[in-house]
>>> print(open('entry.cif').read())   # mmCIF, C-alpha atoms
data_final
#
loop_
_atom_site.label_atom_id
_atom_site.label_comp_id
_atom_site.auth_asym_id
_atom_site.auth_seq_id
_atom_site.Cartn_x
_atom_site.Cartn_y
_atom_site.Cartn_z
CA MET A 1 -134.92 -88.58 183.49
CA THR A 2 -132.44 -90.43 181.27
CA ARG A 3 -128.99 -90.84 182.76
CA PRO A 4 -125.92 -90.23 180.55
CA GLU A 5 -123.83 -93.14 179.35
CA PRO A 6 -121.66 -94.41 182.22
CA MET A 7 -118.42 -93.96 180.28
CA GLN A 8 -117.01 -93.07 176.89
CA ILE A 9 -114.48 -95.89 176.62
CA SER A 10 -114.94 -99.65 176.64
CA GLU A 11 -114.75 -101.82 179.73
CA ALA A 12 -111.74 -103.58 178.24
CA GLN A 13 -109.93 -100.26 177.83
CA LEU A 14 -110.69 -99.18 181.39
CA LYS A 15 -109.61 -102.55 182.78
CA SER A 16 -106.31 -102.28 180.89
CA MET A 17 -105.70 -98.74 182.17
CA THR A 18 -106.47 -99.82 185.73
CA ARG A 19 -103.99 -102.70 185.49
CA ASP A 20 -101.32 -100.31 184.25
CA LEU A 21 -102.16 -97.94 187.10
CA ASP A 22 -101.83 -100.70 189.67
CA ASP A 23 -98.54 -101.83 188.14
CA LEU A 24 -97.17 -98.29 188.43
CA HIS A 25 -98.21 -98.01 192.06
CA GLU A 26 -96.92 -101.43 193.08
CA SER A 27 -93.59 -100.96 191.29
CA THR A 28 -92.81 -97.58 192.86
CA PHE A 29 -94.45 -97.61 196.28
CA PRO A 30 -92.10 -100.06 198.03
CA GLU A 31 -89.30 -97.50 197.62
CA VAL A 32 -91.53 -94.85 199.20
CA ARG A 33 -92.11 -97.12 202.19
CA ARG A 34 -88.36 -97.71 202.55
CA THR A 35 -87.67 -93.99 202.38
CA ILE A 36 -90.23 -93.22 205.07
CA ALA A 37 -88.95 -96.08 207.24
CA ASP A 38 -85.50 -94.45 207.16
CA PHE A 39 -86.88 -90.94 207.66
CA THR A 40 -85.37 -89.02 210.57
CA PRO A 41 -86.83 -85.53 210.91
CA SER A 42 -84.54 -82.63 211.72
CA ARG A 43 -85.53 -79.22 212.98
CA ARG A 44 -83.70 -77.59 210.09
CA SER A 45 -85.45 -79.58 207.34
CA LEU A 46 -88.88 -79.17 208.90
CA LEU A 47 -88.53 -75.40 209.21
CA LEU A 48 -86.96 -74.74 205.82
CA GLY A 49 -90.16 -75.84 204.13
CA ALA A 50 -92.10 -72.93 205.60
CA GLY A 51 -91.19 -70.80 202.60
CA GLY A 52 -92.69 -73.41 200.31
CA ALA A 53 -95.93 -73.43 202.26
CA VAL A 54 -96.17 -69.65 202.07
CA ALA A 55 -95.32 -69.67 198.36
CA LEU A 56 -97.97 -72.30 197.67
CA GLY A 57 -100.55 -70.17 199.44
CA MET A 58 -99.54 -67.10 197.42
CA LEU A 59 -99.57 -69.04 194.17
CA ALA A 60 -103.01 -70.52 194.80
CA ALA A 61 -104.35 -67.11 195.82
CA CYS A 62 -103.43 -65.80 192.38
CA GLY A 63 -106.07 -68.13 190.94
CA ASP A 64 -108.88 -66.96 193.20
CA ASP A 65 -110.37 -64.69 190.55
CA LYS A 66 -110.51 -67.37 187.89
CA ASP A 67 -113.87 -68.85 187.00
CA ASN A 68 -114.39 -72.47 188.02
CA ASP A 69 -116.58 -74.89 186.08
CA ALA A 70 -118.71 -76.49 188.79
CA THR A 71 -119.87 -79.23 186.44
CA THR A 72 -116.40 -80.60 185.79
CA ALA A 73 -114.48 -80.11 189.00
CA ALA A 74 -114.72 -80.66 192.71
CA PRO A 75 -115.50 -77.70 194.98
CA SER A 76 -112.70 -75.18 194.54
CA THR A 77 -109.48 -75.89 196.39
CA MET A 78 -108.85 -72.16 196.33
CA ALA A 79 -111.11 -71.53 199.32
CA SER A 80 -109.17 -70.32 202.32
CA SER A 81 -109.51 -69.99 206.05
CA ALA A 82 -107.46 -69.09 209.08
CA ALA A 83 -105.92 -72.47 209.66
CA GLY A 84 -104.51 -73.66 212.95
CA GLY A 85 -100.80 -73.85 213.64
CA ALA A 86 -100.27 -77.47 214.65
CA TYR A 87 -98.15 -78.10 211.55
CA THR A 88 -95.44 -75.80 210.20
CA GLY A 89 -92.75 -75.85 207.52
CA ASP A 90 -92.54 -79.05 205.50
CA LEU A 91 -94.97 -80.68 207.92
CA LYS A 92 -97.70 -78.25 206.86
CA ILE A 93 -97.49 -79.57 203.31
CA VAL A 94 -97.22 -83.17 204.57
CA ALA A 95 -100.38 -82.72 206.65
CA LEU A 96 -102.14 -81.13 203.67
CA ALA A 97 -101.16 -84.10 201.50
CA ALA A 98 -102.47 -86.59 204.07
CA ALA A 99 -105.76 -84.70 204.34
CA LEU A 100 -106.18 -84.57 200.55
CA GLU A 101 -105.56 -88.31 200.34
CA ASN A 102 -108.13 -88.95 203.07
CA LEU A 103 -110.66 -86.78 201.25
CA ALA A 104 -110.14 -88.85 198.10
CA VAL A 105 -110.69 -92.05 200.12
CA THR A 106 -113.90 -90.55 201.53
CA ALA A 107 -115.08 -89.62 198.04
CA TYR A 108 -114.40 -93.05 196.57
CA ASP A 109 -115.98 -94.80 199.57
CA GLY A 110 -119.05 -92.62 199.13
CA ALA A 111 -119.18 -93.39 195.42
CA LEU A 112 -119.06 -97.13 196.08
CA LYS A 113 -121.87 -96.82 198.62
CA ARG A 114 -124.04 -94.82 196.25
CA ALA A 115 -123.41 -97.41 193.55
CA THR A 116 -124.37 -100.23 195.93
CA ASP A 117 -127.52 -98.33 196.90
CA GLY A 118 -128.49 -98.00 193.24
CA LYS A 119 -128.22 -94.21 193.20
CA LEU A 120 -125.87 -93.99 190.23
CA GLY A 121 -127.75 -96.07 187.70
CA THR A 122 -125.76 -98.64 185.74
CA VAL A 123 -122.20 -98.93 187.04
CA PRO A 124 -119.94 -101.01 184.78
CA PRO A 125 -117.80 -103.49 186.74
CA ALA A 126 -114.64 -101.90 185.32
CA VAL A 127 -115.61 -98.58 186.92
CA ALA A 128 -116.06 -100.23 190.31
CA THR A 129 -112.65 -101.90 189.94
CA PHE A 130 -110.99 -98.59 189.11
CA VAL A 131 -112.65 -96.88 192.09
CA GLN A 132 -111.52 -99.66 194.46
CA THR A 133 -107.98 -99.52 193.05
CA ALA A 134 -107.68 -95.74 193.29
CA ARG A 135 -109.19 -95.78 196.78
CA LYS A 136 -106.57 -98.26 198.01
CA GLN A 137 -103.75 -96.22 196.51
CA HIS A 138 -104.97 -93.04 198.19
CA ALA A 139 -105.13 -94.89 201.51
CA ASP A 140 -101.53 -96.07 200.99
CA HIS A 141 -100.43 -92.52 200.25
CA ALA A 142 -102.16 -91.15 203.34
CA ALA A 143 -100.47 -93.81 205.48
CA VAL A 144 -96.95 -92.84 204.40
CA TRP A 145 -97.56 -89.12 204.92
CA ASN A 146 -98.94 -89.88 208.37
CA SER A 147 -95.80 -91.88 209.13
CA VAL A 148 -93.79 -88.71 208.49
CA LEU A 149 -96.03 -86.74 210.84
CA THR A 150 -95.89 -89.24 213.68
CA LYS A 151 -92.11 -89.64 213.36
CA ALA A 152 -91.87 -85.87 213.73
CA GLY A 153 -93.95 -86.03 216.90
CA LYS A 154 -97.10 -84.65 215.31
CA PRO A 155 -100.57 -86.22 215.32
CA ALA A 156 -101.60 -88.21 212.28
CA ILE A 157 -104.30 -86.82 210.00
CA THR A 158 -107.00 -89.48 210.20
CA ASP A 159 -109.80 -87.59 208.46
CA ALA A 160 -110.04 -84.71 205.98
CA PRO A 161 -109.77 -81.49 208.03
CA LEU A 162 -110.06 -79.17 205.04
CA THR A 163 -112.30 -76.22 204.31
CA ILE A 164 -113.36 -77.94 201.07
CA THR A 165 -114.46 -81.23 202.66
CA ALA A 166 -118.06 -80.30 203.48
CA ASP A 167 -118.66 -79.01 199.95
CA ALA A 168 -117.10 -82.12 198.42
CA VAL A 169 -119.28 -84.43 200.52
CA ALA A 170 -122.37 -82.37 199.70
CA ALA A 171 -121.53 -82.56 195.99
CA LEU A 172 -121.07 -86.32 196.26
CA ASP A 173 -124.50 -86.67 197.88
CA LYS A 174 -126.01 -85.02 194.79
CA THR A 175 -124.39 -87.33 192.25
CA ALA A 176 -126.87 -89.40 190.24
CA SER A 177 -124.70 -91.09 187.62
CA VAL A 178 -121.21 -92.41 186.97
CA PRO A 179 -120.19 -89.25 185.04
CA ASP A 180 -121.29 -87.12 188.01
CA VAL A 181 -118.96 -89.05 190.31
CA VAL A 182 -116.14 -89.06 187.77
CA LYS A 183 -116.28 -85.26 187.40
CA LEU A 184 -116.13 -84.82 191.16
CA ALA A 185 -113.24 -87.28 191.52
CA LEU A 186 -111.37 -85.63 188.66
CA GLY A 187 -111.37 -82.31 190.49
CA LEU A 188 -109.89 -83.95 193.58
CA GLU A 189 -107.29 -85.89 191.58
CA ASP A 190 -106.19 -82.77 189.68
CA ALA A 191 -105.77 -80.89 192.96
CA ALA A 192 -103.73 -83.72 194.50
CA ALA A 193 -101.46 -84.19 191.47
CA GLN A 194 -100.77 -80.48 191.16
CA THR A 195 -100.16 -80.07 194.89
CA TYR A 196 -97.51 -82.79 194.68
CA THR A 197 -95.98 -81.12 191.64
CA PHE A 198 -95.53 -77.94 193.63
CA ALA A 199 -94.29 -79.84 196.69
CA THR A 200 -91.43 -81.47 194.77
CA ALA A 201 -89.95 -78.02 194.17
CA ASN A 202 -90.68 -76.52 197.57
CA VAL A 203 -90.28 -79.21 200.24
CA SER A 204 -86.76 -79.07 201.65
CA ASP A 205 -86.34 -82.65 202.90
CA ALA A 206 -84.91 -85.00 200.26
CA GLY A 207 -87.09 -87.89 201.40
CA GLY A 208 -90.18 -85.71 201.20
CA ILE A 209 -89.26 -84.61 197.69
CA MET A 210 -88.77 -88.22 196.58
CA THR A 211 -92.05 -89.29 198.15
CA ALA A 212 -94.01 -86.49 196.49
CA ALA A 213 -92.30 -87.12 193.15
CA THR A 214 -93.09 -90.85 193.33
CA ILE A 215 -96.74 -90.41 194.31
CA GLN A 216 -97.46 -87.58 191.85
CA PRO A 217 -97.42 -89.72 188.66
CA VAL A 218 -99.94 -92.11 190.22
CA GLU A 219 -102.26 -89.21 191.06
CA ALA A 220 -101.81 -87.82 187.55
CA MET A 221 -102.65 -91.22 186.08
CA HIS A 222 -105.85 -91.32 188.16
CA ALA A 223 -106.82 -88.00 186.57
CA ALA A 224 -105.88 -89.14 183.07
CA ILE A 225 -108.03 -92.27 183.35
CA LEU A 226 -110.99 -90.27 184.64
CA ASN A 227 -110.60 -87.92 181.68
CA PHE A 228 -110.72 -90.89 179.32
CA VAL A 229 -113.87 -92.19 181.04
CA LEU A 230 -115.51 -88.83 180.34
CA GLY A 231 -114.33 -88.82 176.74
CA GLN A 232 -111.99 -85.90 177.48
CA TYR A 233 -108.74 -87.11 176.02
CA PRO A 234 -105.85 -85.56 177.98
CA VAL A 235 -103.30 -83.60 175.98
CA PRO A 236 -99.69 -84.45 176.89
CA VAL A 237 -97.88 -81.58 178.61
CA SER A 238 -94.20 -81.06 179.34
CA PHE A 239 -94.91 -79.66 182.78
CA ILE A 240 -97.96 -80.26 184.95
CA PRO A 241 -99.46 -76.90 185.95
CA VAL A 242 -100.08 -75.93 189.56
CA ASP A 243 -103.03 -73.56 189.21
CA LYS A 244 -105.32 -76.14 190.86
CA ALA A 245 -102.89 -77.01 193.65
CA ALA A 246 -104.41 -76.89 197.13
CA LYS A 247 -102.95 -74.24 199.39
CA PRO A 248 -101.94 -74.96 202.99
CA ASP A 249 -104.45 -72.65 204.62
CA ILE A 250 -107.36 -74.89 203.62
CA LEU A 251 -106.04 -77.22 206.34
CA THR A 252 -108.08 -76.57 209.47
CA LYS A 253 -105.77 -78.27 211.98
#
>>> encode(input="entry.cif", output="structure tokens")
Amino acid sequence: MTRPEPMQISEAQLKSMTRDLDDLHESTFPEVRRTIADFTPSRRSLLLGAGGAVALGMLAACGDDKDNDATTAAPSTMASSAAGGAYTGDLKIVALAAALENLAVTAYDGALKRATDGKLGTVPPAVATFVQTARKQHADHAAVWNSVLTKAGKPAITDAPLTITADAVAALDKTASVPDVVKLALGLEDAAAQTYTFATANVSDAGGIMTAATIQPVEAMHAAILNFVLGQYPVPVSFIPVDKAAKPDILTK
């Protein structure tokens, strides 16, 4: 069986995009770290965000009846379950963000392993560099969200306790080419970027809003680059939609 072309742009183009991505992350992330270092949780700010968590769940539920293209996206983030109550208010969304970041790290780690094992066919070096760069950025993002949780006296999210995780891992195990992995990663990146977009308008703590607003463009740039790799040129939009945003009740802790 002939595998599809690894990517629809040149290695030079992907390398340039990855450098720009890294520059964006490195120029904005120090401020995120400073904000989190100064973060002092208050009962009021942590509880006010509960309305945002509920609204996010209601908004995502509205998309449950929409058809999903399984060939171009990760397993649907619209799946729901009766989640536990360890995290409430703003912290529910913070924990969700940390779990989504960890899932992305897991996906990129799995992709690198499959590439090393020769299960993806030809993998251009520029693709591997992008994957390593995006993986590191997701790990950085997870670390700052976990700092918020631990400062608030809650346990850190060290894995991906989400109802979508098993399906995502199973889908990764079936990938046989670079485009297969890119389509899976794109679904996860879209979900993360749109979840942050919603969070900026619904998290009550100013530091949390700034953190989400700073991380969101990096996640959106991940998605844009993956679209370019697939030959799907992203159309500029004034406002990023939130129909693919993950809802809090996919968190199982």
>>> resolve_selection(input="entry.cif", expression="the PyMOL selection byres ((chain A and resi 189-198) around 7)", output="number ranges by chain")
A: 100, 185-188, 199-202, 212-213, 216, 219-220, 222-223, 240-242, 244-246
>>> atom_distance(input="entry.cif", atom1="atom CA of Thr252 of chain A", atom2="atom CA of Leu162 of chain A")
5.5 Å
>>> closest_atom_pairs(input="entry.cif", of="segment 148-247 of chain A", to="segment 116-136 of chain A", cutoff="8 Å", atoms="all atoms listed in the file", output="Markdown table")
| residue | atom | partner | partner_atom | distance |
| --- | --- | --- | --- | --- |
| A:Thr175 | CA | A:Leu120 | CA | 7.1 |
| A:Ala176 | CA | A:Leu120 | CA | 4.7 |
| A:Ser177 | CA | A:Leu120 | CA | 4.1 |
| A:Val178 | CA | A:Leu120 | CA | 5.9 |
| A:His222 | CA | A:Ala134 | CA | 7.0 |
>>> closest_residue(input="entry.cif", among="A:Ala86, A:Asp140, A:Ile93, A:Arg33", to="Val218 of chain A", atoms="only C-alpha atoms")
A:Asp140
>>> closest_residue(input="entry.cif", among="A:Val105, A:Ile9, A:His138, A:Ala152", to="Phe29 of chain A", atoms="only C-alpha atoms")
A:His138
>>> closest_residue(input="entry.cif", among="A:Ser204, A:Asn102, A:Thr214, A:Asn146", to="Asp159 of chain A", atoms="only C-alpha atoms")
A:Asn102
>>> atom_distance(input="entry.cif", atom1="atom CA of Gln8 of chain A", atom2="atom CA of Ala115 of chain A")
18.4 Å
>>> resolve_selection(input="entry.cif", expression="the PyMOL selection byres ((chain A and resi 160) around 12)", output="MDAnalysis selection string")
chainID A and resid 95:107 142 156:159 161:169 250:253
>>> atom_distance(input="entry.cif", atom1="atom CA of Thr40 of chain A", atom2="atom CA of His141 of chain A")
18.6 Å
>>> residues_around(input="entry.cif", residues="Lys154 of chain A", least_positions_apart="3", cutoff="8 Å", atoms="all atoms listed in the file", output="list in words")
Ala86, Tyr87, Leu149, Thr150 and Lys151 of chain A
>>> closest_residue(input="entry.cif", among="A:Leu230, A:Ile215, A:Ala12, A:Ala143", to="Glu26 of chain A", atoms="all atoms listed in the file")
A:Ile215
>>> residues_near_point(input="entry.cif", point="(-119.6, -87.4, 190.0)", cutoff="9 Å", atoms="only C-alpha atoms", output="JSON, numbers by chain")
{"A": [71, 72, 73, 74, 111, 171, 172, 174, 175, 176, 177, 178, 179, 180, 181, 182, 183, 184, 185, 186]}
